[in-house]
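Worksheet: the structure to be examined is printed underneath.
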Amino acid sequence: MSVATCSEPVLRLAAEWLADCVGQHTKCAEKFNPLFHPTRLMTIVGKNGTRIVKLLETNSEQVSPPPPYIALSYCWGQGDTVKLLSNTYEPFSSQGIRLDQLPRTMQQAIDLALYLGMQWIWIDALCIT
Ligand SMILES: [Zn+2]
């Protein structure tokens with residue numbers, strides 16, 4: 001198997017693990033609360049090439065009921081990264097962010113979400129201030 005995290009066999013394996021967890025793990029199901037969702041989520045919209053992510057407050061009408069999403073929390077490193085600040089809240093939620101403006105880690109997480117059939121992602125740097 002290819003060791004590249006975003007390779008097709010690895011993505012397929014992740015999808016199988018998720019399906020097993022959702023479908024067969026009774027202990028996981030006991031802990032799962034379908035009504036829980038974070039305060040904000042990014043919605044993934046548009047087609048390849050013009051795809052963007054937009055910030056939404058999950059208590060809004062647009063995000064009801066809570067959609068399935070994946071979460072990305074990671075070490076941002078030393079450099080400047082795209083993040084949610086008082087001056088980026090408005091552009092993040094109105095225009096959204098083009099994928100090529102995001103670090104590779106976020107782009108790969110978005111690709112994974114789409115591969116798993118999810119249109120929503122929580123990324124710490126983009127969803128918390
Ligand atoms: Zn599980």
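Ligands are numbered from 1 in the order shown, chains are lettered A, B, ... in the order of the structure tokens, and residues start at 1 in each chain.
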
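Considering only C-alpha atoms and all ligand atoms, every residue of the polymer chains approaching ligand 1 to 10 Å or closer is listed here: Trp17, Leu18, Ala19, Asp20, Cys21, Val22, Gly23, Gln24, His25, Thr26, Lys27, Cys28, Ala29, Glu30, Lys31 and Phe32 of chain A.
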
- Distance query Gln108 in chain A at most 12 Å, only C-alpha atoms, self and fewer than 2 positions along chain excluded, as a list in words: Ala4, Thr5, Cys6, Ser7, Leu11, Ile70, Leu72, Leu99, Asp100, Leu102, Pro103, Arg104, Thr105, Met106, Ile110, Asp111, Leu112, Ala113, Leu114, Tyr115, Ile121 and Ile123 of chain A

- In Å, with one decimal, what is the gap from CA of Thr58 in chain A to CA of Val45 in chain A?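 Pair CA of Thr58 in chain A / CA of Val45 in chain A returns 16.1 Å.
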
- Task: Find the residues near range 79-85 of chain A: any atom within 8 Å, counting only C-alpha atoms, skip ones fewer than 5 places away on the same chain, and give them as a PyMOL selection string.
- Result: chain A and resi 92+101-103+125-129

Output for the residues just chosen: C-alpha atoms as a compact mmCIF listing (two decimals), in the first residue's frame:
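Saved file again-v9.txt follows:
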# COMPACT_ATOMS: atom_id res chain seq x y z
CA PHE A 92 -14.54 33.89 5.71
CA GLN A 101 -5.27 30.13 -0.17
CA LEU A 102 -5.20 27.40 2.47
CA PRO A 103 -2.21 25.41 3.76
CA ALA A 125 -7.60 27.61 12.91
CA LEU A 126 -10.66 28.62 10.87
CA CYS A 127 -13.45 27.95 13.34
CA ILE A 128 -12.21 29.23 16.70
CA THR A 129 -10.88 32.63 17.68

- Item | Spatial neighbours of range 61-66 of chain A, max dist 9 Å, only C-alpha atoms, sep filter under 2 positions, as JSON, numbers by chain | {"A": [34, 35, 36, 37, 41, 56, 57, 58, 59, 68, 69]}
